Structures are given as C-alpha cells and as structure tokens.
$ cat protein-v8.txt   # compact mmCIF, C-alpha atoms
# COMPACT_ATOMS: atom_id res chain seq x y z
CA MET A 146 -54.18 117.91 -10.97
CA LYS A 147 -56.47 116.75 -8.30
CA TYR A 148 -59.92 115.45 -8.67
CA GLY A 149 -62.35 115.17 -5.88
CA LEU A 150 -63.04 111.64 -5.00
CA LEU A 151 -66.38 110.66 -6.30
CA PRO A 152 -67.97 107.75 -4.59
CA VAL A 153 -69.05 105.45 -7.32
CA LEU A 154 -71.83 103.08 -6.78
CA LEU A 155 -72.17 100.44 -9.39
CA LEU A 156 -75.58 98.97 -9.55
CA CYS A 157 -76.02 95.97 -11.70
CA PHE A 158 -79.46 95.80 -13.08
CA SER A 159 -80.09 92.56 -14.75
CA SER A 160 -83.10 91.07 -16.34
CA ALA A 161 -81.72 87.73 -15.25
CA THR A 162 -83.48 85.82 -12.54
CA ALA A 163 -81.55 84.93 -9.43
CA GLU A 164 -80.93 81.49 -10.83
CA GLU A 165 -79.47 82.52 -14.12
CA PHE A 166 -75.77 82.10 -14.70
CA ASN A 167 -74.54 84.28 -17.50
CA THR A 168 -70.96 85.38 -16.98
CA LEU A 169 -68.19 83.35 -18.55
CA ARG A 170 -65.21 82.71 -16.30
CA THR A 171 -62.65 82.87 -19.09
CA GLN A 172 -59.77 81.57 -16.99
CA GLN A 173 -61.68 78.41 -16.19
CA SER A 174 -62.94 77.83 -19.71
CA SER A 175 -61.38 76.32 -22.80
CA VAL A 176 -62.12 75.30 -26.36
CA THR A 177 -59.71 72.71 -27.73
CA PHE A 178 -59.62 70.33 -30.65
CA VAL A 179 -57.93 67.20 -31.90
CA SER A 180 -57.08 66.76 -35.55
CA LYS A 181 -55.54 63.64 -37.03
CA GLN A 182 -52.43 63.84 -39.20
CA MET A 183 -51.22 60.62 -40.81
CA GLY A 184 -53.21 58.71 -38.20
CA VAL A 185 -51.64 60.68 -35.36
CA PRO A 186 -53.96 62.64 -33.06
CA VAL A 187 -52.66 66.20 -32.66
CA ALA A 188 -53.99 68.46 -29.92
CA GLY A 189 -54.81 72.09 -30.63
CA SER A 190 -56.55 74.95 -28.90
CA PHE A 191 -58.46 78.16 -29.51
CA ASN A 192 -56.78 80.60 -27.21
CA LYS A 193 -59.15 83.53 -27.57
CA PHE A 194 -62.89 83.26 -27.57
CA SER A 195 -65.93 84.83 -26.02
CA ALA A 196 -69.15 83.17 -25.01
CA ASP A 197 -72.50 84.67 -24.11
CA ILE A 198 -74.05 81.84 -22.24
CA ALA A 199 -77.20 82.18 -20.20
CA VAL A 200 -78.30 79.13 -18.31
CA ASN A 201 -80.56 78.31 -15.42
CA PRO A 202 -79.37 74.98 -14.01
CA ALA A 203 -82.90 74.22 -12.91
CA LYS A 204 -84.13 74.61 -16.49
CA PRO A 205 -81.17 74.18 -18.86
CA GLU A 206 -83.55 73.69 -21.80
CA THR A 207 -84.22 77.42 -21.73
CA GLY A 208 -80.54 78.25 -21.96
CA SER A 209 -78.77 79.83 -24.86
CA ALA A 210 -75.21 80.18 -26.05
CA ARG A 211 -73.43 82.35 -28.55
CA ILE A 212 -69.74 81.52 -28.93
CA SER A 213 -67.26 83.53 -30.96
CA ILE A 214 -63.81 82.13 -31.62
CA ASP A 215 -60.92 84.32 -32.75
CA LEU A 216 -59.21 82.23 -35.43
CA ASN A 217 -56.11 84.40 -35.38
CA ASN A 218 -55.35 83.01 -31.94
CA MET A 219 -55.34 79.29 -32.43
CA ASP A 220 -52.69 76.69 -31.91
CA ALA A 221 -52.88 73.66 -34.16
CA GLY A 222 -50.00 71.87 -32.47
CA SER A 223 -46.91 73.10 -34.30
CA ALA A 224 -45.37 76.41 -35.34
CA GLU A 225 -45.40 75.57 -39.03
CA ALA A 226 -49.04 74.49 -38.95
CA ASN A 227 -49.92 77.74 -37.15
CA ASP A 228 -48.14 79.76 -39.83
CA GLU A 229 -50.23 78.03 -42.46
CA LEU A 230 -53.65 78.28 -40.81
CA GLY A 231 -54.46 81.85 -41.80
CA SER A 232 -53.96 81.07 -45.50
CA ARG A 233 -56.79 80.88 -47.97
CA SER A 234 -56.79 77.14 -48.23
CA TRP A 235 -57.20 76.83 -44.45
CA PHE A 236 -59.20 79.44 -42.53
CA ASP A 237 -58.65 82.51 -44.70
CA THR A 238 -58.60 84.60 -41.55
CA ARG A 239 -58.30 87.87 -43.45
CA GLN A 240 -61.80 87.35 -44.80
CA HIS A 241 -63.15 85.24 -41.95
CA PRO A 242 -61.37 85.99 -38.67
CA VAL A 243 -64.09 84.62 -36.41
CA ALA A 244 -65.92 81.30 -36.13
CA ARG A 245 -69.34 81.34 -34.48
CA PHE A 246 -71.72 78.99 -32.83
CA VAL A 247 -75.23 80.17 -32.03
CA SER A 248 -77.54 77.80 -30.24
CA SER A 249 -81.13 77.53 -31.29
CA HIS A 250 -82.45 74.78 -29.08
CA VAL A 251 -81.39 72.78 -26.03
CA THR A 252 -82.87 69.39 -25.26
CA ARG A 253 -82.45 67.10 -22.30
CA THR A 254 -81.06 63.68 -23.17
CA GLY A 255 -80.51 62.18 -19.70
CA ASP A 256 -79.47 62.95 -16.13
CA ASP A 257 -77.41 66.14 -16.39
CA ARG A 258 -77.01 65.42 -20.08
CA TYR A 259 -78.20 67.79 -22.76
CA GLU A 260 -77.78 68.57 -26.39
CA ALA A 261 -77.44 71.99 -27.94
CA LEU A 262 -78.62 72.32 -31.50
CA GLY A 263 -77.31 75.32 -33.31
CA ASN A 264 -75.57 76.88 -36.26
CA MET A 265 -71.86 76.84 -36.70
CA THR A 266 -70.31 79.38 -39.03
CA ILE A 267 -66.73 78.91 -40.17
CA LYS A 268 -65.11 80.48 -43.21
CA GLY A 269 -68.42 81.94 -44.32
CA LYS A 270 -70.26 78.64 -44.27
CA THR A 271 -73.08 77.99 -41.83
CA LEU A 272 -74.06 74.45 -40.97
CA SER A 273 -76.27 72.96 -38.32
CA VAL A 274 -74.44 71.08 -35.55
CA LYS A 275 -75.44 69.13 -32.48
CA ALA A 276 -73.27 69.48 -29.41
CA PRO A 277 -73.99 67.12 -26.54
CA PHE A 278 -72.91 68.40 -23.14
CA THR A 279 -73.10 67.78 -19.44
CA LEU A 280 -73.96 70.42 -16.90
CA LYS A 281 -72.77 70.48 -13.31
CA ARG A 282 -72.94 72.98 -10.51
CA VAL A 283 -69.52 73.56 -9.03
CA ALA A 284 -68.93 76.06 -6.21
CA GLY A 285 -71.25 78.84 -7.28
CA THR A 286 -70.76 78.25 -10.99
CA VAL A 287 -72.17 76.08 -13.70
CA VAL A 288 -69.68 73.91 -15.58
CA ILE A 289 -70.55 72.82 -19.10
CA ASP A 290 -68.51 70.11 -20.82
CA GLY A 291 -68.93 68.60 -24.23
CA VAL A 292 -67.33 67.10 -27.31
CA PHE A 293 -68.58 67.02 -30.87
CA PRO A 294 -67.08 66.27 -34.27
CA ILE A 295 -67.11 68.49 -37.32
CA LYS A 296 -66.00 67.64 -40.82
CA ARG A 297 -63.43 70.23 -41.89
CA LEU A 298 -64.09 69.80 -45.61
CA ASP A 299 -67.78 70.68 -45.14
CA TYR A 300 -66.53 74.17 -44.28
CA GLY A 301 -63.80 74.23 -46.91
CA ILE A 302 -61.04 74.09 -44.29
CA GLY A 303 -57.88 72.72 -45.88
CA THR A 304 -58.58 72.76 -49.60
CA GLY A 305 -56.35 72.09 -52.61
CA ILE A 306 -53.40 69.86 -51.74
CA TRP A 307 -54.67 69.69 -48.15
CA ALA A 308 -57.99 68.12 -49.17
CA ASP A 309 -56.27 64.72 -48.99
CA THR A 310 -57.92 63.15 -45.94
CA SER A 311 -55.30 60.38 -45.77
CA VAL A 312 -52.90 63.09 -44.56
CA VAL A 313 -55.21 65.30 -42.49
CA ALA A 314 -58.42 63.51 -41.50
CA ASP A 315 -61.75 65.11 -42.35
CA GLU A 316 -63.08 64.77 -38.84
CA VAL A 317 -61.93 67.17 -36.16
CA LYS A 318 -63.08 66.69 -32.58
CA ILE A 319 -63.94 69.85 -30.70
CA THR A 320 -63.98 69.83 -26.92
CA PHE A 321 -65.46 72.66 -24.90
CA HIS A 322 -65.33 73.44 -21.21
CA PHE A 323 -67.19 76.51 -20.01
CA THR A 324 -67.42 77.76 -16.46
CA VAL A 325 -70.29 80.20 -16.13
CA GLY A 326 -70.88 82.26 -13.01
CA LYS A 327 -73.11 85.08 -11.89
CA PRO A 328 -72.10 88.67 -12.49
CA ARG A 329 -69.56 89.71 -9.87
CA MET B 227 -14.72 29.17 -34.93
CA ALA B 228 -17.18 30.15 -37.65
CA GLU B 229 -15.81 32.08 -40.62
CA ARG B 230 -18.97 34.00 -41.24
CA TYR B 231 -21.94 35.48 -39.47
CA THR B 232 -25.07 33.35 -39.31
CA ARG B 233 -27.80 33.83 -41.86
CA THR B 234 -29.93 35.63 -39.24
CA ALA B 235 -27.17 38.12 -38.42
CA ILE B 236 -26.44 38.73 -42.11
CA LEU B 237 -30.10 39.31 -42.91
CA LEU B 238 -30.50 41.72 -39.98
CA HIS B 239 -27.27 43.55 -40.84
CA TRP B 240 -28.27 44.28 -44.44
CA LEU B 241 -31.90 45.00 -43.62
CA ILE B 242 -30.91 47.56 -40.99
CA ALA B 243 -28.29 49.00 -43.37
CA LEU B 244 -30.92 49.41 -46.09
CA LEU B 245 -33.33 51.13 -43.69
CA ILE B 246 -30.59 53.46 -42.40
CA PHE B 247 -29.63 54.36 -45.96
CA THR B 248 -33.30 55.26 -46.54
CA ALA B 249 -34.10 57.06 -43.28
CA PHE B 250 -30.90 59.14 -43.14
CA PRO B 251 -31.20 60.97 -46.48
CA LEU B 252 -34.96 61.22 -45.93
CA GLY B 253 -34.31 63.00 -42.63
CA ILE B 254 -31.86 65.41 -44.25
CA TYR B 255 -34.24 66.11 -47.12
CA MET B 256 -37.53 66.44 -45.26
CA HIS B 257 -36.67 68.79 -42.43
CA ASP B 258 -36.16 71.84 -44.66
CA LEU B 259 -39.22 71.31 -46.83
CA PRO B 260 -41.99 73.91 -46.74
CA PHE B 261 -45.04 72.75 -44.82
CA SER B 262 -47.13 70.51 -47.08
CA PRO B 263 -49.00 67.20 -47.06
CA ASP B 264 -45.90 65.59 -48.61
CA LYS B 265 -43.80 66.82 -45.72
CA LEU B 266 -46.22 65.26 -43.21
CA LYS B 267 -46.10 62.00 -45.18
CA LEU B 268 -42.29 61.95 -45.31
CA TYR B 269 -42.05 62.67 -41.58
CA SER B 270 -44.38 59.77 -40.85
CA TRP B 271 -42.45 57.42 -43.13
CA HIS B 272 -39.18 58.48 -41.54
CA LYS B 273 -40.62 57.69 -38.08
CA TRP B 274 -42.01 54.35 -39.26
CA ILE B 275 -38.59 53.39 -40.65
CA GLY B 276 -36.96 54.51 -37.40
CA VAL B 277 -39.28 52.36 -35.30
CA SER B 278 -38.59 49.42 -37.65
CA ILE B 279 -34.83 49.91 -37.23
CA PHE B 280 -35.29 49.99 -33.46
CA LEU B 281 -37.23 46.71 -33.47
CA LEU B 282 -34.72 45.00 -35.79
CA ALA B 283 -31.88 46.37 -33.64
CA ILE B 284 -33.35 44.68 -30.60
CA VAL B 285 -33.40 41.36 -32.48
CA ARG B 286 -29.85 41.99 -33.70
CA LEU B 287 -28.58 42.72 -30.19
CA THR B 288 -30.36 39.66 -28.86
CA TRP B 289 -28.56 37.66 -31.55
CA ARG B 290 -25.25 39.29 -30.60
CA ALA B 291 -25.75 38.57 -26.90
CA THR B 292 -26.34 34.90 -27.62
CA HIS B 293 -23.76 34.36 -30.39
CA ARG B 294 -20.10 34.92 -30.82
CA PRO B 295 -19.21 36.79 -33.98
CA PRO B 296 -16.58 35.19 -36.21
CA ALA B 297 -13.01 35.89 -35.07
CA LEU B 298 -11.02 38.72 -36.59
CA PRO B 299 -8.03 37.64 -38.72
CA GLU B 300 -4.81 36.87 -36.80
CA ALA B 301 -2.92 39.27 -39.03
CA MET B 302 -4.77 42.28 -37.66
CA ALA B 303 -2.82 44.52 -35.32
CA GLY B 304 -4.05 44.96 -31.77
CA TRP B 305 -5.18 48.53 -32.35
CA GLU B 306 -7.02 47.48 -35.50
CA LYS B 307 -8.94 44.82 -33.62
CA PHE B 308 -9.72 47.34 -30.90
CA ALA B 309 -10.88 49.94 -33.44
CA ALA B 310 -13.06 47.39 -35.22
CA ARG B 311 -14.70 46.31 -31.97
CA ALA B 312 -15.18 49.91 -30.83
CA VAL B 313 -16.90 50.85 -34.10
CA HIS B 314 -19.11 47.75 -33.99
CA PHE B 315 -20.07 48.44 -30.39
CA SER B 316 -20.84 52.10 -31.17
CA LEU B 317 -22.99 51.18 -34.16
CA TYR B 318 -24.92 48.64 -32.09
CA ALA B 319 -25.52 51.38 -29.51
CA LEU B 320 -26.54 53.99 -32.09
CA ILE B 321 -29.12 51.82 -33.86
CA ILE B 322 -30.91 51.71 -30.49
CA ILE B 323 -30.24 55.27 -29.27
CA ILE B 324 -30.96 57.16 -32.49
CA PRO B 325 -34.50 55.82 -32.94
CA LEU B 326 -35.09 56.43 -29.21
CA SER B 327 -33.97 60.05 -29.53
CA GLY B 328 -36.30 60.50 -32.50
CA TRP B 329 -39.23 58.99 -30.65
CA LEU B 330 -38.64 61.20 -27.59
CA MET B 331 -38.18 64.25 -29.82
CA SER B 332 -41.48 63.56 -31.55
CA SER B 333 -43.27 63.27 -28.19
CA ALA B 334 -41.66 66.48 -26.90
CA LYS B 335 -42.79 68.26 -30.05
CA GLY B 336 -46.35 67.12 -29.40
CA PHE B 337 -46.60 64.40 -32.02
CA GLN B 338 -47.21 60.88 -30.91
CA THR B 339 -45.45 58.23 -33.01
CA VAL B 340 -47.93 55.83 -34.58
CA TRP B 341 -46.00 53.02 -36.26
CA LEU B 342 -47.22 52.45 -39.84
CA GLY B 343 -50.14 54.73 -38.95
CA VAL B 344 -51.64 51.88 -36.94
CA LEU B 345 -49.71 51.12 -33.76
CA PRO B 346 -49.43 54.04 -31.34
CA LEU B 347 -46.27 54.17 -29.25
CA PRO B 348 -46.67 55.68 -25.81
CA ASP B 349 -45.46 59.24 -25.32
CA LEU B 350 -42.73 59.05 -22.69
CA LEU B 351 -42.46 62.84 -22.63
CA SER B 352 -45.17 65.46 -22.72
CA LYS B 353 -45.07 68.42 -25.06
CA ASN B 354 -42.23 70.79 -24.22
CA LYS B 355 -40.74 73.08 -26.84
CA GLU B 356 -37.28 73.53 -25.29
CA LEU B 357 -36.89 69.80 -24.73
CA GLY B 358 -38.12 69.12 -28.27
CA ASP B 359 -35.51 71.48 -29.73
CA LEU B 360 -32.78 69.95 -27.57
CA LEU B 361 -33.73 66.41 -28.62
CA LYS B 362 -33.69 67.53 -32.24
CA GLU B 363 -30.09 68.68 -31.78
CA ILE B 364 -29.22 65.39 -30.10
CA HIS B 365 -30.91 63.37 -32.86
CA GLU B 366 -28.95 65.33 -35.47
CA VAL B 367 -25.56 65.08 -33.72
CA LEU B 368 -26.00 61.34 -33.13
CA ASN B 369 -26.85 60.84 -36.79
CA PHE B 370 -23.76 62.64 -37.99
CA LEU B 371 -21.71 60.62 -35.52
CA MET B 372 -23.26 57.51 -37.03
CA LEU B 373 -22.50 58.77 -40.54
CA GLY B 374 -18.82 59.04 -39.57
CA LEU B 375 -18.80 55.58 -38.05
CA VAL B 376 -20.62 54.04 -41.03
CA LEU B 377 -18.09 55.59 -43.41
CA ALA B 378 -15.22 54.21 -41.27
CA HIS B 379 -16.99 50.82 -41.18
CA ILE B 380 -17.45 50.71 -44.96
CA GLY B 381 -13.96 52.10 -45.57
CA ALA B 382 -12.41 49.42 -43.35
CA ALA B 383 -14.42 46.65 -45.01
CA LEU B 384 -13.31 47.81 -48.47
CA LYS B 385 -9.70 48.21 -47.35
CA HIS B 386 -9.70 44.66 -46.01
CA HIS B 387 -11.27 43.32 -49.16
CA PHE B 388 -9.34 45.19 -51.83
CA ILE B 389 -6.04 46.04 -50.16
CA GLN B 390 -5.40 43.38 -47.52
CA ARG B 391 -7.38 40.90 -49.60
CA ASP B 392 -8.47 39.02 -46.50
CA SER B 393 -11.83 37.39 -45.87
CA ILE B 394 -13.34 40.02 -43.54
CA LEU B 395 -16.03 41.23 -45.95
CA SER B 396 -17.10 37.67 -46.76
CA ARG B 397 -18.10 37.21 -43.12
CA MET B 398 -21.07 39.47 -43.91
CA LEU B 399 -21.22 38.74 -47.66
CA PRO B 400 -20.60 34.96 -47.93
CA MET B 401 -21.09 35.08 -51.71
CA LEU B 402 -17.68 36.77 -51.90
CA ARG B 403 -15.92 33.84 -50.30
CA LYS B 404 -12.99 32.67 -52.40
CA LYS B 405 -13.20 29.13 -53.57
CA SER B 406 -10.35 27.27 -51.99

$ encode --input "protein-v8.txt" --output "structure tokens"
Amino acid sequence: MKYGLLPVLLLCFSSATAEEFNTLRTQQSSVTFVSKQMGVPVAGSFNKFSADIAVNPAKPETGSARISIDLNNMDAGSAEANDELGSRSWFDTRQHPVARFVSSHVTRTGDDRYEALGNMTIKGKTLSVKAPFTLKRVAGTVVIDGVFPIKRLDYGIGTGIWADTSVVADEVKITFHFTVGKPR
Amino acid sequence: MAERYTRTAILLHWLIALLIFTAFPLGIYMHDLPFSPDKLKLYSWHKWIGVSIFLLAIVRLTWRATHRPPALPEAMAGWEKFAARAVHFSLYALIIIIPLSGWLMSSAKGFQTVWLGVLPLPDLLSKNKELGDLLKEIHEVLNFLMLGLVLAHIGAALKHHFIQRDSILSRMLPMLRKKS
C-alpha cells in the first residue's frame, strides 16, 4: 500500500514566554539517594521519573515543579534489597507505585540559590518538604541541583522488623539533578 | 633457642584463631539467610571481625619478621619440617589475603566497609557486579583452602602432642609444658 506523502508541519504553540524552560532532558537528569545501613552509606537511584518543571531563570521564584517517581524502577544498591522494596513494609508498590513532589512556592535564599517548598507524597502519605537547590544556565538549558533529607519512617517506609533505625537509618538523603531545556 | 613462642605471639595466635572460628561459621551461616535486618547485622559483624583479623595479622607478621620462632624438634623428618613451614607460611598469607578479598568484594558489591560502624575503610574498587561475584568466589575458595590448612595444622599439633608426645604444642600452649 502506498500513501501519498503528506507534508507535516508541526507548530508548537506554547503559552510559555521565550524565557521559560519547561522540557526535561531526561538523559541529563537524575534522582538518586543515599541510605545508611549499619552505618554504611549505600547509594541508590530512581531510574524512571518524569518532571514537569517550568522555570524562567530570570525569575526562578515563579517556577513550578511536579515530579513523579516510578517506585517500581528503583535501585537501592543490591539485588536482594530491590526484591524487598515492593513489599508492604517498604513501599507497597502495588498500592502506591508512584511517589510525587509538587512544589507550592519557590524562594530565593542567595546568589543562584533557591528553596522549593512543596508536598511530597510517598506510600499514601503527604508531608511538606523543603528542597534547597541551585540553578545554573548551561548551554541553552537550565540545570537544577539539590539535596534534601527525608525521614523514611514519617512515610511508613520500612516498618515492622525494618523499623529498627540502628540497622537502616531513618534519614535518607535525596539528590536531584534536572536539566531543563526549551521544547525542541 | 627458645622453646616457646613469646607471650605476644601466643596472644596474637589465639586471638586470631578465636576470631577465625567466629567469622568462618558466621560467613557460612549468613550468606544464605533471607534478607532481613539480622542479615545486615551479621554481615557487618563478619566484616568487622575480618578487619580485626587483618589488623592483628599485620602485628603478627611484624612479630614474625622480627623474631625467630622456636626450632622444630630434631626428631622431625625433613619433609615434616618442610610441611610444617609451608602450612605456617600459607596461614600467615591467608590471614592477610582473606580479609583483603572480603574488603574488595564488599567494595565491588557497592558496600563500603565501615569498621565497627565507625571507621570507614576506603573503597579500592568501585561498584561492579561481575567483579563482585568473582571476588565472592575467590573469598569462598580461599576460605575453604584455609579450612583445609587449619585442619592439617590442628591435626599435626594433636598428633605431635598425643602420638609423638613431643613438646610442639607447648610452644603455643606453655601451660602444657611437662615439668622436668
């Protein structure tokens, strides 16, 4: 079968101003974390996530972010830990497959330094978190970097026998690196 | 020449023996356990004991390099003396190499070793699954080699004590020395 070639013109209409960056460059972005087991820092990563970030580097305070993390695609540092993570006492991914962060407010805290206030939802629990970050313009993109701690037990992550914080520490450090460009 | 090892060597010998007799069965027991907080604890303790053995082994080897061990009995055949020295040399080597292989394996598996939960050891290797699995094999093989050598070592000591009835064992256990 042969179809006539139809010239397709894609027009991108966007409400965004020329200065708004709103397209995540997934390949150049990451969300990782460090947990502590028996005093040993163990690196992990969230391998699948999406982020709707809209930011104008001239006015970052007006920016917003909505991050969704697929908890079925995380690596906690070892095969046996990964096998365990979906279970009820950890993330219960059958009921709660996605973790979310939705920003509500961005404030400036210094030169190129900002803080996003927002709600983090994990395992059905929503808590307010503050995520400090830096913002840099790099070759036609905006690069956002930050680290913030959460307490796993506040969200009921690792209950029962795993609640023992002398084995797995309560605090987990989350590091994010987002590269945001303009629509291509 | 001295008839027995010095107090330092005796203390180190039995301390290292005690730690090996703890870490070895612990290693066998823990690696098949289902994932649990207890498993994480046992792994950490095993690593802490391993690091302790390594540190004591360095002291022991320093002692050995600066002291002459008591002579073997004249009555021993040449091959027996050779076998005894070969086993001693191999055990000295293994108490250094086995903890090293465990430390490297832990790094390759992505877990830094933090001695007693307080003192972090540097990671000489970065995380690499294939290398981690290979080092696990090496750690296991070396341990079973050591098991064989330890059994030969103990068997020889008992044979000397109960069959030959010589004073070999009292070099490391002076309380056994016959009153003359």

$ residues_around --input "protein-v8.txt" --residues "Ser262 in chain B" --least-positions-apart "3" --cutoff "8 Å" --atoms "only C-alpha atoms" --output "list in words"
Ile306 and Trp307 of chain A; Leu259, Lys265 and Leu266 of chain B

$ closest_residue --input "protein-v8.txt" --among "A:Glu164, A:Ser273, A:Asp309, A:Asp228" --to "Lys204 in chain A" --atoms "all atoms listed in the file"
A:Glu164

$ residues_around --input "protein-v8.txt" --residues "range 258-271 of chain A" --least-positions-apart "5" --cutoff "8 Å" --atoms "only C-alpha atoms" --output "number ranges by chain"
A: 236-238, 240-241, 243-253, 276-280, 300-302

$ residues_around --input "protein-v8.txt" --residues "Gly326 in chain A" --least-positions-apart "3" --cutoff "8 Å" --atoms "only C-alpha atoms" --output "PyMOL selection string"
chain A and resi 166-170+285-287

$ interface_residues --input "protein-v8.txt" --of "chain A" --to "chain B" --cutoff "7 Å" --atoms "all atoms listed in the file" --output "ChimeraX atom specification"
/A:183-185,187,222,225,306-307,312

$ atom_distance --input "protein-v8.txt" --atom1 "CA of Phe178 in chain A" --atom2 "CA of Ala196 in chain A"
17.0 Å

$ closest_residue --input "protein-v8.txt" --among "B:Leu395, B:Leu330, B:Leu375, B:Leu237" --to "Arg311 in chain B" --atoms "all atoms listed in the file"
B:Leu375

$ atom_distance --input "protein-v8.txt" --atom1 "CA of Gly303 in chain A" --atom2 "CA of Ser174 in chain A"
27.1 Å

$ residues_around --input "protein-v8.txt" --residues "Ile275 in chain B" --least-positions-apart "3" --cutoff "10 Å" --atoms "only C-alpha atoms" --output "list in words"
Ile242, Leu245, Ile246, Thr248, Ala249, Phe250, Tyr269, Ser270, Trp271, His272, Ser278, Ile279, Phe280, Leu281, Pro325, Trp341 and Leu342 of chain B

$ closest_residue --input "protein-v8.txt" --among "B:Ala383, B:Leu361, B:Ala303, B:Leu268" --to "Tyr255 in chain B" --atoms "all atoms listed in the file"
B:Leu268

$ residues_near_point --input "protein-v8.txt" --point "(-22.1, 40.0, -33.7)" --cutoff "12 Å" --atoms "only C-alpha atoms" --output "compact mmCIF listing (two decimals) with C-alpha atoms, keeping the file's coordinate frame"
# COMPACT_ATOMS: atom_id res chain seq x y z
CA ALA B 228 -17.18 30.15 -37.65
CA ARG B 230 -18.97 34.00 -41.24
CA TYR B 231 -21.94 35.48 -39.47
CA THR B 232 -25.07 33.35 -39.31
CA ARG B 233 -27.80 33.83 -41.86
CA THR B 234 -29.93 35.63 -39.24
CA ALA B 235 -27.17 38.12 -38.42
CA ILE B 236 -26.44 38.73 -42.11
CA LEU B 238 -30.50 41.72 -39.98
CA HIS B 239 -27.27 43.55 -40.84
CA ALA B 283 -31.88 46.37 -33.64
CA VAL B 285 -33.40 41.36 -32.48
CA ARG B 286 -29.85 41.99 -33.70
CA LEU B 287 -28.58 42.72 -30.19
CA THR B 288 -30.36 39.66 -28.86
CA TRP B 289 -28.56 37.66 -31.55
CA ARG B 290 -25.25 39.29 -30.60
CA ALA B 291 -25.75 38.57 -26.90
CA THR B 292 -26.34 34.90 -27.62
CA HIS B 293 -23.76 34.36 -30.39
CA ARG B 294 -20.10 34.92 -30.82
CA PRO B 295 -19.21 36.79 -33.98
CA PRO B 296 -16.58 35.19 -36.21
CA ALA B 297 -13.01 35.89 -35.07
CA LEU B 298 -11.02 38.72 -36.59
CA ALA B 310 -13.06 47.39 -35.22
CA ARG B 311 -14.70 46.31 -31.97
CA HIS B 314 -19.11 47.75 -33.99
CA PHE B 315 -20.07 48.44 -30.39
CA LEU B 317 -22.99 51.18 -34.16
CA TYR B 318 -24.92 48.64 -32.09
CA ARG B 397 -18.10 37.21 -43.12
CA MET B 398 -21.07 39.47 -43.91

$ build_atoms --input "protein-v8.txt" --residues "range 308-323 of chain B" --atoms "N, CA and C atoms" --output "PDB file, in the frame of the given file"
ATOM      1  N   PHE B 308      -9.034  46.482 -31.862  1.00  0.00           N
ATOM      2  CA  PHE B 308      -9.720  47.340 -30.900  1.00  0.00           C
ATOM      3  C   PHE B 308     -10.632  48.332 -31.612  1.00  0.00           C
ATOM      4  N   ALA B 309     -10.093  48.955 -32.684  1.00  0.00           N
ATOM      5  CA  ALA B 309     -10.880  49.940 -33.440  1.00  0.00           C
ATOM      6  C   ALA B 309     -12.120  49.284 -34.043  1.00  0.00           C
ATOM      7  N   ALA B 310     -11.935  48.094 -34.609  1.00  0.00           N
ATOM      8  CA  ALA B 310     -13.060  47.390 -35.220  1.00  0.00           C
ATOM      9  C   ALA B 310     -14.148  47.130 -34.183  1.00  0.00           C
ATOM     10  N   ARG B 311     -13.704  46.628 -33.009  1.00  0.00           N
ATOM     11  CA  ARG B 311     -14.700  46.310 -31.970  1.00  0.00           C
ATOM     12  C   ARG B 311     -15.382  47.574 -31.462  1.00  0.00           C
ATOM     13  N   ALA B 312     -14.608  48.654 -31.332  1.00  0.00           N
ATOM     14  CA  ALA B 312     -15.180  49.910 -30.830  1.00  0.00           C
ATOM     15  C   ALA B 312     -16.239  50.448 -31.797  1.00  0.00           C
ATOM     16  N   VAL B 313     -15.933  50.361 -33.103  1.00  0.00           N
ATOM     17  CA  VAL B 313     -16.900  50.850 -34.100  1.00  0.00           C
ATOM     18  C   VAL B 313     -18.152  49.974 -34.089  1.00  0.00           C
ATOM     19  N   HIS B 314     -17.951  48.646 -34.022  1.00  0.00           N
ATOM     20  CA  HIS B 314     -19.110  47.750 -33.990  1.00  0.00           C
ATOM     21  C   HIS B 314     -19.981  48.036 -32.777  1.00  0.00           C
ATOM     22  N   PHE B 315     -19.319  48.177 -31.617  1.00  0.00           N
ATOM     23  CA  PHE B 315     -20.070  48.440 -30.390  1.00  0.00           C
ATOM     24  C   PHE B 315     -20.850  49.750 -30.509  1.00  0.00           C
ATOM     25  N   SER B 316     -20.180  50.796 -31.046  1.00  0.00           N
ATOM     26  CA  SER B 316     -20.840  52.100 -31.170  1.00  0.00           C
ATOM     27  C   SER B 316     -22.035  52.028 -32.120  1.00  0.00           C
ATOM     28  N   LEU B 317     -21.871  51.296 -33.213  1.00  0.00           N
ATOM     29  CA  LEU B 317     -22.990  51.180 -34.160  1.00  0.00           C
ATOM     30  C   LEU B 317     -24.162  50.424 -33.545  1.00  0.00           C
ATOM     31  N   TYR B 318     -23.841  49.345 -32.807  1.00  0.00           N
ATOM     32  CA  TYR B 318     -24.920  48.640 -32.090  1.00  0.00           C
ATOM     33  C   TYR B 318     -25.659  49.612 -31.170  1.00  0.00           C
ATOM     34  N   ALA B 319     -24.904  50.435 -30.457  1.00  0.00           N
ATOM     35  CA  ALA B 319     -25.520  51.380 -29.510  1.00  0.00           C
ATOM     36  C   ALA B 319     -26.375  52.410 -30.250  1.00  0.00           C
ATOM     37  N   LEU B 320     -25.830  52.916 -31.384  1.00  0.00           N
ATOM     38  CA  LEU B 320     -26.540  53.990 -32.090  1.00  0.00           C
ATOM     39  C   LEU B 320     -27.835  53.518 -32.750  1.00  0.00           C
ATOM     40  N   ILE B 321     -27.868  52.258 -33.214  1.00  0.00           N
ATOM     41  CA  ILE B 321     -29.120  51.820 -33.860  1.00  0.00           C
ATOM     42  C   ILE B 321     -30.239  51.660 -32.820  1.00  0.00           C
ATOM     43  N   ILE B 322     -29.894  51.672 -31.556  1.00  0.00           N
ATOM     44  CA  ILE B 322     -30.910  51.710 -30.490  1.00  0.00           C
ATOM     45  C   ILE B 322     -31.173  53.158 -30.084  1.00  0.00           C
ATOM     46  N   ILE B 323     -30.094  53.917 -29.850  1.00  0.00           N
ATOM     47  CA  ILE B 323     -30.240  55.270 -29.270  1.00  0.00           C
ATOM     48  C   ILE B 323     -30.833  56.271 -30.255  1.00  0.00           C
TER      49      ILE B 323
END
